file my_file20.csv (CSV, C-alpha atoms and all ligand atoms)
chain,number,residue,atom,x,y,z
A,3,MET,CA,58.3,228.7,3.9
A,4,THR,CA,61.6,228.3,5.7
A,5,ASP,CA,61.3,224.9,7.3
A,6,LYS,CA,61.8,222.2,4.8
A,7,ALA,CA,59.4,219.3,5.0
A,8,PRO,CA,61.7,216.2,5.4
A,9,ILE,CA,60.1,214.6,2.3
A,10,PRO,CA,62.7,213.8,-0.3
A,11,VAL,CA,61.5,214.5,-3.9
A,12,ALA,CA,63.3,213.7,-7.2
A,13,THR,CA,63.0,215.7,-10.4
A,14,PHE,CA,63.5,213.9,-13.7
A,15,GLY,CA,64.9,215.8,-16.6
A,16,PRO,CA,65.0,219.6,-16.8
A,17,LEU,CA,61.9,221.3,-15.3
A,18,TYR,CA,62.0,225.1,-15.3
A,19,PRO,CA,63.0,227.7,-12.7
A,20,TYR,CA,59.6,228.6,-11.2
A,21,LEU,CA,58.8,224.9,-10.5
A,22,ASP,CA,62.4,224.1,-9.4
A,23,GLU,CA,62.4,227.0,-6.9
A,24,ALA,CA,58.9,226.2,-5.5
A,25,LEU,CA,59.9,222.5,-5.0
A,26,ALA,CA,63.1,223.5,-3.3
A,27,GLN,CA,61.1,225.6,-0.8
A,28,ARG,CA,58.9,222.7,0.1
A,29,PHE,CA,61.0,219.6,-0.2
A,30,THR,CA,64.5,218.2,-0.2
A,31,VAL,CA,65.0,217.9,-4.0
A,32,HIS,CA,67.4,215.6,-5.9
A,33,ALA,CA,67.7,216.2,-9.6
A,34,VAL,CA,68.0,213.1,-11.8
A,35,ALA,CA,69.2,213.9,-15.3
A,36,GLN,CA,67.1,212.5,-18.2
A,37,ASP,CA,70.1,210.5,-19.4
A,38,ALA,CA,71.3,209.4,-15.9
A,39,ASP,CA,72.3,205.8,-15.4
A,40,LEU,CA,69.2,204.7,-13.4
A,41,THR,CA,71.0,201.6,-12.1
A,42,ALA,CA,73.5,203.8,-10.3
A,43,LEU,CA,71.6,206.7,-8.7
A,44,PRO,CA,73.2,208.2,-5.6
A,45,PRO,CA,71.7,207.0,-2.3
A,46,GLU,CA,70.0,210.5,-1.6
A,47,ALA,CA,68.1,210.2,-4.9
A,48,ARG,CA,67.0,206.7,-4.1
A,49,GLU,CA,65.3,208.1,-1.0
A,50,ALA,CA,62.8,210.0,-3.1
A,51,ARG,CA,59.1,209.4,-2.3
A,52,ALA,CA,57.8,211.6,-5.1
A,53,LEU,CA,59.0,212.3,-8.6
A,54,ILE,CA,58.3,215.4,-10.7
A,55,SER,CA,58.6,215.2,-14.5
A,56,PHE,CA,57.5,217.0,-17.6
A,57,GLY,CA,55.3,215.3,-20.2
A,58,THR,CA,58.0,215.0,-22.8
A,59,VAL,CA,60.2,213.1,-20.3
A,60,GLY,CA,57.5,211.2,-18.4
A,61,ALA,CA,58.4,208.3,-16.1
A,62,PRO,CA,59.3,204.9,-17.6
A,63,ALA,CA,59.2,201.8,-15.5
A,64,ALA,CA,63.0,202.0,-15.0
A,65,ILE,CA,62.9,205.2,-13.0
A,66,MET,CA,60.0,203.8,-10.8
A,67,ASP,CA,62.2,200.8,-10.2
A,68,ALA,CA,65.2,202.9,-9.5
A,69,LEU,CA,63.4,204.8,-6.7
A,70,PRO,CA,62.3,202.0,-4.3
A,71,LYS,CA,60.4,204.4,-1.9
A,72,LEU,CA,58.4,206.2,-4.7
A,73,GLU,CA,54.8,206.8,-3.8
A,74,MET,CA,53.7,209.5,-6.3
A,75,ILE,CA,54.5,211.0,-9.7
A,76,GLY,CA,53.6,214.6,-10.3
A,77,LEU,CA,53.6,215.1,-14.0
A,78,CYS,CA,53.7,218.7,-15.3
A,79,SER,CA,51.6,218.0,-18.4
A,80,VAL,CA,48.1,216.8,-19.3
A,81,GLY,CA,49.5,214.0,-21.6
A,82,TYR,CA,50.9,211.0,-19.7
A,83,ASP,CA,51.8,208.8,-22.7
A,84,LYS,CA,55.4,208.8,-21.5
A,85,VAL,CA,54.5,207.4,-18.1
A,86,ASP,CA,54.3,203.7,-17.7
A,87,ILE,CA,50.8,203.9,-16.2
A,88,ASP,CA,50.4,200.1,-15.8
A,89,HIS,CA,53.7,199.8,-14.0
A,90,ALA,CA,52.7,202.7,-11.7
A,91,ARG,CA,49.4,201.1,-10.9
A,92,ALA,CA,51.0,197.7,-10.3
A,93,SER,CA,53.6,199.3,-8.1
A,94,GLY,CA,51.0,201.2,-6.0
A,95,ILE,CA,52.4,204.6,-7.2
A,96,ARG,CA,49.9,207.5,-7.6
A,97,VAL,CA,50.2,209.7,-10.7
A,98,THR,CA,48.8,213.2,-11.2
A,99,ASN,CA,48.7,215.4,-14.4
A,100,THR,CA,47.8,219.0,-15.2
A,101,PRO,CA,44.5,219.0,-17.2
A,102,ASP,CA,42.3,222.1,-17.8
A,103,VAL,CA,44.8,224.8,-17.0
A,104,LEU,CA,46.4,224.4,-20.4
A,105,THR,CA,43.3,223.8,-22.5
A,106,ASP,CA,42.9,227.4,-23.8
A,107,ASP,CA,46.5,227.9,-24.7
A,108,VAL,CA,46.8,224.6,-26.6
A,109,ALA,CA,43.5,225.4,-28.5
A,110,ASP,CA,44.8,228.9,-29.3
A,111,LEU,CA,48.0,227.4,-30.8
A,112,ALA,CA,46.0,224.9,-32.8
A,113,VAL,CA,43.9,227.7,-34.3
A,114,GLY,CA,47.0,229.8,-34.9
A,115,LEU,CA,48.7,226.9,-36.7
A,116,LEU,CA,45.6,226.3,-38.8
A,117,TYR,CA,45.6,229.9,-40.0
A,118,ALA,CA,49.3,230.0,-40.5
A,119,THR,CA,49.2,226.8,-42.6
A,120,ALA,CA,46.0,227.4,-44.6
A,121,ARG,CA,46.9,231.0,-45.4
A,122,ASN,CA,50.6,230.5,-46.1
A,123,ILE,CA,51.5,233.0,-43.4
A,124,VAL,CA,55.0,231.6,-42.6
A,125,ALA,CA,56.0,231.0,-46.2
A,126,ASN,CA,54.8,234.5,-47.2
A,127,ASP,CA,56.7,236.0,-44.3
A,128,ARG,CA,59.8,234.3,-45.5
A,129,MET,CA,59.3,235.6,-49.1
A,130,VAL,CA,58.8,239.2,-47.8
A,131,ARG,CA,62.0,239.0,-45.7
A,132,ALA,CA,63.9,237.5,-48.6
A,133,GLY,CA,63.1,240.6,-50.7
A,134,ASP,CA,61.1,238.5,-53.2
A,135,TRP,CA,57.9,240.7,-52.8
A,136,ALA,CA,60.0,243.8,-53.5
A,137,ARG,CA,61.3,242.1,-56.6
A,138,ASN,CA,57.7,241.7,-57.7
A,139,VAL,CA,57.4,238.0,-57.1
A,140,LYS,CA,53.8,237.1,-56.7
A,141,PRO,CA,52.9,234.9,-53.8
A,142,ALA,CA,50.8,231.9,-54.6
A,143,LEU,CA,47.1,232.1,-53.8
A,144,CYS,CA,45.8,229.7,-51.2
A,145,GLY,CA,42.4,228.2,-50.4
A,146,ARG,CA,40.0,230.0,-48.1
A,147,LEU,CA,39.3,228.8,-44.6
A,148,THR,CA,35.9,230.3,-44.0
A,149,GLY,CA,33.1,227.7,-44.7
A,150,LYS,CA,35.4,224.7,-44.6
A,151,ARG,CA,34.6,221.4,-42.9
A,152,ILE,CA,36.8,221.2,-39.8
A,153,GLY,CA,37.3,217.6,-38.5
A,154,ILE,CA,38.4,217.3,-34.9
A,155,LEU,CA,40.2,214.1,-34.2
A,156,GLY,CA,39.6,213.7,-30.5
A,157,LEU,CA,36.8,215.8,-29.1
A,158,GLY,CA,38.0,216.0,-25.5
A,159,ARG,CA,38.6,219.1,-23.4
A,160,ILE,CA,41.2,220.5,-25.9
A,161,GLY,CA,39.3,219.4,-29.0
A,162,ARG,CA,36.1,221.1,-27.7
A,163,ALA,CA,38.0,224.3,-27.0
A,164,ILE,CA,39.3,224.3,-30.6
A,165,ALA,CA,35.9,223.6,-32.0
A,166,ARG,CA,34.4,226.5,-30.0
A,167,ARG,CA,37.0,228.8,-31.4
A,168,LEU,CA,36.3,227.7,-35.0
A,169,GLU,CA,32.5,227.6,-34.8
A,170,PRO,CA,32.2,231.2,-36.3
A,171,VAL,CA,34.2,230.3,-39.4
A,172,ALA,CA,33.6,226.6,-40.0
A,173,GLY,CA,31.1,225.5,-42.6
A,174,GLU,CA,30.7,222.5,-40.3
A,175,ILE,CA,32.5,220.9,-37.4
A,176,LEU,CA,32.6,217.1,-37.3
A,177,TYR,CA,34.6,214.8,-35.1
A,178,HIS,CA,35.9,211.3,-34.7
A,179,ASN,CA,36.3,209.6,-31.3
A,180,ARG,CA,36.2,206.0,-30.4
A,181,ARG,CA,32.7,206.7,-29.1
A,182,PRO,CA,30.3,209.5,-29.8
A,183,ALA,CA,30.2,212.3,-27.1
A,184,ALA,CA,27.3,212.0,-24.7
A,185,ASP,CA,26.0,215.5,-25.3
A,186,GLY,CA,25.7,215.1,-29.1
A,187,ALA,CA,27.8,218.2,-29.8
A,188,TYR,CA,28.9,218.4,-33.4
A,189,ARG,CA,28.5,215.6,-36.0
A,190,TYR,CA,30.1,212.3,-35.1
A,191,VAL,CA,31.7,210.2,-37.8
A,192,ALA,CA,32.4,206.7,-36.6
A,193,ASP,CA,34.7,205.5,-39.4
A,194,PRO,CA,38.2,207.3,-39.5
A,195,LEU,CA,38.4,207.1,-43.3
A,196,ASP,CA,34.9,208.6,-43.7
A,197,PHE,CA,35.8,211.2,-41.2
A,198,ALA,CA,38.9,212.2,-43.2
A,199,ARG,CA,37.0,212.1,-46.5
A,200,GLN,CA,34.4,214.5,-45.1
A,201,SER,CA,36.9,216.9,-43.6
A,202,ASP,CA,38.7,219.8,-45.3
A,203,VAL,CA,40.9,220.2,-42.3
A,204,ILE,CA,41.8,217.6,-39.6
A,205,ILE,CA,42.9,218.9,-36.2
A,206,VAL,CA,44.5,216.1,-34.2
A,207,ALA,CA,43.6,216.7,-30.5
A,208,THR,CA,43.3,213.2,-29.2
A,209,SER,CA,45.4,212.1,-26.3
A,210,GLY,CA,48.6,210.1,-27.2
A,211,GLY,CA,49.4,206.6,-26.0
A,212,PRO,CA,49.3,203.1,-27.5
A,213,GLU,CA,45.6,203.1,-28.6
A,214,ALA,CA,46.1,206.3,-30.7
A,215,ARG,CA,49.5,205.2,-32.2
A,216,LYS,CA,49.6,205.9,-35.9
A,217,LEU,CA,45.8,206.5,-35.9
A,218,VAL,CA,46.4,208.8,-38.8
A,219,ASP,CA,47.9,206.6,-41.5
A,220,ALA,CA,48.6,206.9,-45.2
A,221,ALA,CA,45.0,205.9,-46.1
A,222,MET,CA,43.6,208.6,-43.9
A,223,LEU,CA,45.9,211.2,-45.3
A,224,ASP,CA,44.8,210.2,-48.8
A,225,ALA,CA,41.2,210.4,-47.7
A,226,LEU,CA,41.8,214.0,-46.5
A,227,GLY,CA,43.1,214.7,-50.0
A,228,PRO,CA,45.3,217.2,-51.9
A,229,ASP,CA,43.5,220.3,-50.7
A,230,GLY,CA,43.3,219.1,-47.1
A,231,VAL,CA,45.3,220.5,-44.2
A,232,ILE,CA,46.3,218.6,-41.1
A,233,ILE,CA,47.2,220.2,-37.7
A,234,ASN,CA,48.7,218.3,-34.8
A,235,ILE,CA,48.9,219.7,-31.3
A,236,SER,CA,48.5,216.3,-29.6
A,237,ARG,CA,51.4,213.8,-29.9
A,238,GLY,CA,53.6,213.0,-32.9
A,239,SER,CA,53.0,209.3,-32.4
A,240,VAL,CA,49.3,209.8,-33.4
A,241,ILE,CA,50.3,210.3,-37.0
A,242,ASP,CA,52.4,207.9,-39.0
A,243,GLU,CA,55.2,210.5,-39.6
A,244,GLU,CA,56.8,208.7,-42.5
A,245,ALA,CA,53.4,208.5,-44.2
A,246,LEU,CA,52.8,212.2,-43.5
A,247,VAL,CA,56.2,213.2,-44.9
A,248,ALA,CA,55.5,211.2,-48.1
A,249,ALA,CA,52.0,212.6,-48.5
A,250,LEU,CA,53.3,216.1,-48.1
A,251,ALA,CA,56.2,215.5,-50.5
A,252,GLU,CA,53.9,214.1,-53.1
A,253,ARG,CA,51.3,216.8,-52.5
A,254,ARG,CA,48.7,214.2,-51.7
A,255,ILE,CA,47.7,216.5,-48.9
A,256,GLY,CA,47.7,220.3,-49.1
A,257,GLY,CA,49.7,221.2,-45.9
A,258,ALA,CA,50.5,220.5,-42.3
A,259,GLY,CA,50.9,222.6,-39.1
A,260,LEU,CA,52.8,220.6,-36.6
A,261,ASP,CA,53.6,221.3,-32.9
A,262,VAL,CA,54.5,217.8,-32.1
A,263,PHE,CA,56.7,215.1,-33.6
A,264,ALA,CA,57.4,211.4,-33.2
A,265,ASN,CA,60.9,211.8,-32.0
A,266,GLU,CA,61.2,215.3,-30.4
A,267,PRO,CA,63.2,217.4,-30.6
A,268,HIS,CA,64.1,215.8,-33.9
A,269,VAL,CA,62.0,216.8,-36.9
A,270,PRO,CA,62.2,214.8,-40.2
A,271,GLU,CA,64.8,216.6,-42.4
A,272,ALA,CA,62.4,216.5,-45.4
A,273,LEU,CA,59.9,218.8,-43.6
A,274,LEU,CA,62.4,221.5,-43.0
A,275,SER,CA,62.4,222.7,-46.7
A,276,MET,CA,58.6,222.3,-47.3
A,277,GLU,CA,56.8,225.6,-47.9
A,278,HIS,CA,53.4,224.1,-47.1
A,279,VAL,CA,54.4,223.0,-43.6
A,280,VAL,CA,54.5,225.1,-40.5
A,281,LEU,CA,56.6,223.8,-37.6
A,282,GLN,CA,56.6,224.6,-33.9
A,283,PRO,CA,58.9,223.3,-31.1
A,284,HIS,CA,56.1,221.8,-29.0
A,285,GLN,CA,54.7,225.1,-27.7
A,286,GLY,CA,51.0,224.2,-27.0
A,287,SER,CA,51.1,225.1,-23.3
A,288,ALA,CA,54.1,227.3,-23.5
A,289,THR,CA,52.8,230.6,-22.1
A,290,VAL,CA,54.0,232.2,-18.9
A,291,GLU,CA,50.6,232.1,-17.4
A,292,THR,CA,49.9,228.5,-18.3
A,293,ARG,CA,53.3,227.1,-17.4
A,294,LYS,CA,52.9,228.8,-13.9
A,295,ALA,CA,49.4,227.3,-13.6
A,296,MET,CA,50.7,223.9,-14.5
A,297,ALA,CA,53.5,224.1,-12.0
A,298,ASP,CA,51.0,225.3,-9.3
A,299,LEU,CA,48.8,222.3,-10.0
A,300,VAL,CA,51.8,220.0,-9.7
A,301,LEU,CA,52.6,221.6,-6.3
A,302,ALA,CA,49.0,221.5,-5.1
A,303,ASN,CA,48.9,217.8,-5.9
A,304,LEU,CA,52.2,217.3,-4.1
A,305,ASP,CA,51.0,219.2,-1.1
A,306,ALA,CA,47.7,217.2,-1.0
A,307,TRP,CA,49.7,214.0,-1.2
A,308,ALA,CA,52.2,215.1,1.5
A,309,ALA,CA,49.2,216.0,3.8
A,310,GLY,CA,47.5,212.7,3.2
A,311,GLN,CA,44.6,214.4,1.4
A,312,PRO,CA,42.9,213.4,-1.9
A,313,LEU,CA,44.9,214.2,-5.0
A,314,LEU,CA,43.4,217.1,-7.1
A,315,THR,CA,44.0,215.6,-10.6
A,316,PRO,CA,44.8,211.9,-10.3
A,317,VAL,CA,45.5,209.7,-13.3
A,318,VAL,CA,46.2,206.7,-11.0
B,401,LIG,C1,54.0,220.3,-22.5
B,401,LIG,C2,52.1,218.8,-23.3
B,401,LIG,O1,54.6,221.2,-23.3
B,401,LIG,O2,50.7,218.9,-21.4
B,401,LIG,C3,51.1,218.2,-22.3
B,401,LIG,O3,50.7,217.1,-22.5
B,401,LIG,O4,52.4,218.2,-24.2
B,401,LIG,C4,52.7,220.2,-23.0
B,401,LIG,O5,51.9,220.9,-22.1
B,401,LIG,C5,55.0,219.2,-22.4
B,401,LIG,O6,54.5,218.0,-22.1
B,401,LIG,C6,56.0,219.5,-21.3
B,401,LIG,O7,55.5,219.2,-20.0
call {"tool": "encode", "arguments": {"input": "my_file20.csv", "output": "structure tokens", "more": "lines below"}}
Ligand code: 8YV
result
Amino acid sequence: MTDKAPIPVATFGPLYPYLDEALAQRFTVHAVAQDADLTALPPEAREARALISFGTVGAPAAIMDALPKLEMIGLCSVGYDKVDIDHARASGIRVTNTPDVLTDDVADLAVGLLYATARNIVANDRMVRAGDWARNVKPALCGRLTGKRIGILGLGRIGRAIARRLEPVAGEILYHNRRPAADGAYRYVADPLDFARQSDVIIVATSGGPEARKLVDAAMLDALGPDGVIINISRGSVIDEEALVAALAERRIGGAGLDVFANEPHVPEALLSMEHVVLQPHQGSATVETRKAMADLVLANLDAWAAGQPLLTPVV
């Protein structure tokens, strides 16, 4: 495309080159830094009618207010917990996200983290590299995964993709949602503590946001127990992080595989030296194919909006 549509669009925080380039081909783009003074944006930026942002940056009310002509927010993530949805709705601003295209990759990472954590893969890798194996140090045995009760916290699109992957190895798959799923798939446990008690592994796959904040608390971790493993590919805010660090430090739970944290990119110092913890820098959707598919979905939503057509994946 050579002729630029005259529509001004703002980007918020760093995106990545493929999306930046595709946006620049279609629109007049003004980049707003994540730490910009939103009360003093240049006049060109204040012209923006659409805003593009990543899930980790989102769109607080302040940026919506700073862009008086804003009509739509194209979010390059499925999670929209960092977007002030009520404010968008009240301001008549449409919001789109990128569901489905990332489901398989996030599920793959959850399963990978589960194996890495339950089978001590990362700790054992470290001991081999350190030369300990060659010095005849014996790695500790771990518990087996096959036959274990896998508890999915949040049986949505991603939770189901994880469950499908683990069906061949799980003794049982159970789940906790606010309400049971209509199709009766897997065993529903209504009470979160019962759910944790009956699970050997909990995989947190619920969406973030205020309702799920600290859903996993100290009591739930204690109910999971000293042999239990917790995996989180959802949002750090869903687990009470202080309670998690304490439970791991005191070995009240067996291990954790974490892709997300309460205050990214900062990870609690105490976790860094724990051998029974596997840490990832928020990589659930981070494959070349999926990041491109997410960007393409953002662009398709923007094109639909610019053409006055129905949005493909609207949140608001
Ligand atoms: C992204 C995500 O890595 O889609 C989500 O909700 O958490 C991830 O896909 C992140 O939000 C950057 O957009």
call {"tool": "residues_around", "arguments": {"input": "my_file20.csv", "residues": "Ala249 in chain A", "least_positions_apart": "3", "cutoff": "8 Å", "atoms": "all atoms listed in the file", "output": "PyMOL selection string"}}
result
chain A and resi 220+223-224+245-246+252-255
call {"tool": "closest_atom_pairs", "arguments": {"input": "my_file20.csv", "of": "chain A", "to": "ligand LIG 401 (chain B)", "cutoff": "7 Å", "atoms": "all atoms listed in the file", "output": "tab-separated table"}}
result
residue	atom	partner	partner_atom	distance
A:Phe56	CA	B:LIG401	O7	3.8
A:Gly57	CA	B:LIG401	O6	3.4
A:Thr58	CA	B:LIG401	O6	4.7
A:Cys78	CA	B:LIG401	O7	5.1
A:Ser79	CA	B:LIG401	O2	3.3
A:Val80	CA	B:LIG401	O2	3.9
A:Gly81	CA	B:LIG401	O3	3.4
A:Tyr82	CA	B:LIG401	O3	6.7
A:Thr100	CA	B:LIG401	O2	6.8
A:Leu104	CA	B:LIG401	O5	6.7
A:Ser236	CA	B:LIG401	O4	6.9
A:His284	CA	B:LIG401	O1	5.9
A:Gln285	CA	B:LIG401	O1	5.9
A:Gly286	CA	B:LIG401	C4	5.9
A:Ser287	CA	B:LIG401	O5	4.4
A:Ala288	CA	B:LIG401	O1	6.1
call {"tool": "closest_residue", "arguments": {"input": "my_file20.csv", "among": "A:Thr105, A:Thr148, A:Asn138, A:Gln36", "to": "Arg121 in chain A", "atoms": "all atoms listed in the file"}}
result
A:Thr148
call {"tool": "residues_around", "arguments": {"input": "my_file20.csv", "residues": "Leu157 in chain A", "least_positions_apart": "6", "cutoff": "12 Å", "atoms": "only C-alpha atoms", "output": "NGL selection string"}}
result
:A and (109 or 163-166 or 175-191 or 204-209 or 236)
call {"tool": "closest_atom_pairs", "arguments": {"input": "my_file20.csv", "of": "range 14-41 of chain A", "to": "range 64-70 of chain A", "cutoff": "10 Å", "atoms": "all atoms listed in the file", "output": "JSON lines"}}
result
{"residue": "A:Phe14", "atom": "CA", "partner": "A:Ile65", "partner_atom": "CA", "distance": 8.7}
{"residue": "A:Val34", "atom": "CA", "partner": "A:Ile65", "partner_atom": "CA", "distance": 9.5}
{"residue": "A:Gln36", "atom": "CA", "partner": "A:Ile65", "partner_atom": "CA", "distance": 9.9}
{"residue": "A:Ala38", "atom": "CA", "partner": "A:Ile65", "partner_atom": "CA", "distance": 9.8}
{"residue": "A:Asp39", "atom": "CA", "partner": "A:Ala68", "partner_atom": "CA", "distance": 9.7}
{"residue": "A:Leu40", "atom": "CA", "partner": "A:Ala68", "partner_atom": "CA", "distance": 5.9}
{"residue": "A:Thr41", "atom": "CA", "partner": "A:Ala68", "partner_atom": "CA", "distance": 6.5}
call {"tool": "decode", "arguments": {"input": "my_file20.csv", "residues": "range 22-35 of chain A", "atoms": "N, CA, C and O atoms", "output": "compact mmCIF listing (two decimals), in the first residue's frame"}}
result
# COMPACT_ATOMS: atom_id res chain seq x y z
N ASP A 22 4.72 -2.63 13.88
CA ASP A 22 5.05 -1.21 13.64
C ASP A 22 5.07 -0.92 12.14
O ASP A 22 4.52 0.08 11.68
N GLU A 23 5.73 -1.82 11.39
CA GLU A 23 5.87 -1.58 9.94
C GLU A 23 4.51 -1.65 9.25
O GLU A 23 4.19 -0.81 8.39
N ALA A 24 3.71 -2.64 9.61
CA ALA A 24 2.40 -2.79 8.97
C ALA A 24 1.50 -1.60 9.30
O ALA A 24 0.76 -1.12 8.45
N LEU A 25 1.59 -1.10 10.52
CA LEU A 25 0.79 0.07 10.91
C LEU A 25 1.24 1.29 10.09
O LEU A 25 0.41 2.06 9.59
N ALA A 26 2.56 1.44 9.95
CA ALA A 26 3.09 2.61 9.24
C ALA A 26 2.67 2.60 7.77
O ALA A 26 2.54 3.65 7.16
N GLN A 27 2.45 1.38 7.22
CA GLN A 27 2.00 1.31 5.82
C GLN A 27 0.54 1.74 5.66
O GLN A 27 0.14 2.16 4.60
N ARG A 28 -0.24 1.59 6.72
CA ARG A 28 -1.68 1.86 6.61
C ARG A 28 -2.10 3.21 7.16
O ARG A 28 -3.08 3.78 6.72
N PHE A 29 -1.42 3.66 8.19
CA PHE A 29 -1.90 4.82 8.95
C PHE A 29 -0.77 5.82 9.17
O PHE A 29 0.39 5.53 8.91
N THR A 30 -1.14 6.97 9.69
CA THR A 30 -0.13 7.91 10.17
C THR A 30 0.07 7.60 11.66
O THR A 30 -0.87 7.75 12.44
N VAL A 31 1.26 7.14 12.01
CA VAL A 31 1.45 6.58 13.35
C VAL A 31 2.24 7.55 14.25
O VAL A 31 3.26 8.09 13.84
N HIS A 32 1.75 7.73 15.45
CA HIS A 32 2.46 8.52 16.47
C HIS A 32 2.76 7.58 17.64
O HIS A 32 1.84 7.03 18.24
N ALA A 33 4.04 7.41 17.94
CA ALA A 33 4.42 6.52 19.04
C ALA A 33 4.37 7.29 20.36
O ALA A 33 4.97 8.36 20.48
N VAL A 34 3.65 6.74 21.32
CA VAL A 34 3.62 7.33 22.67
C VAL A 34 4.38 6.37 23.58
O VAL A 34 4.03 5.19 23.68
N ALA A 35 5.44 6.87 24.22
CA ALA A 35 6.22 6.00 25.11
C ALA A 35 5.39 5.64 26.33
O ALA A 35 4.53 6.42 26.77
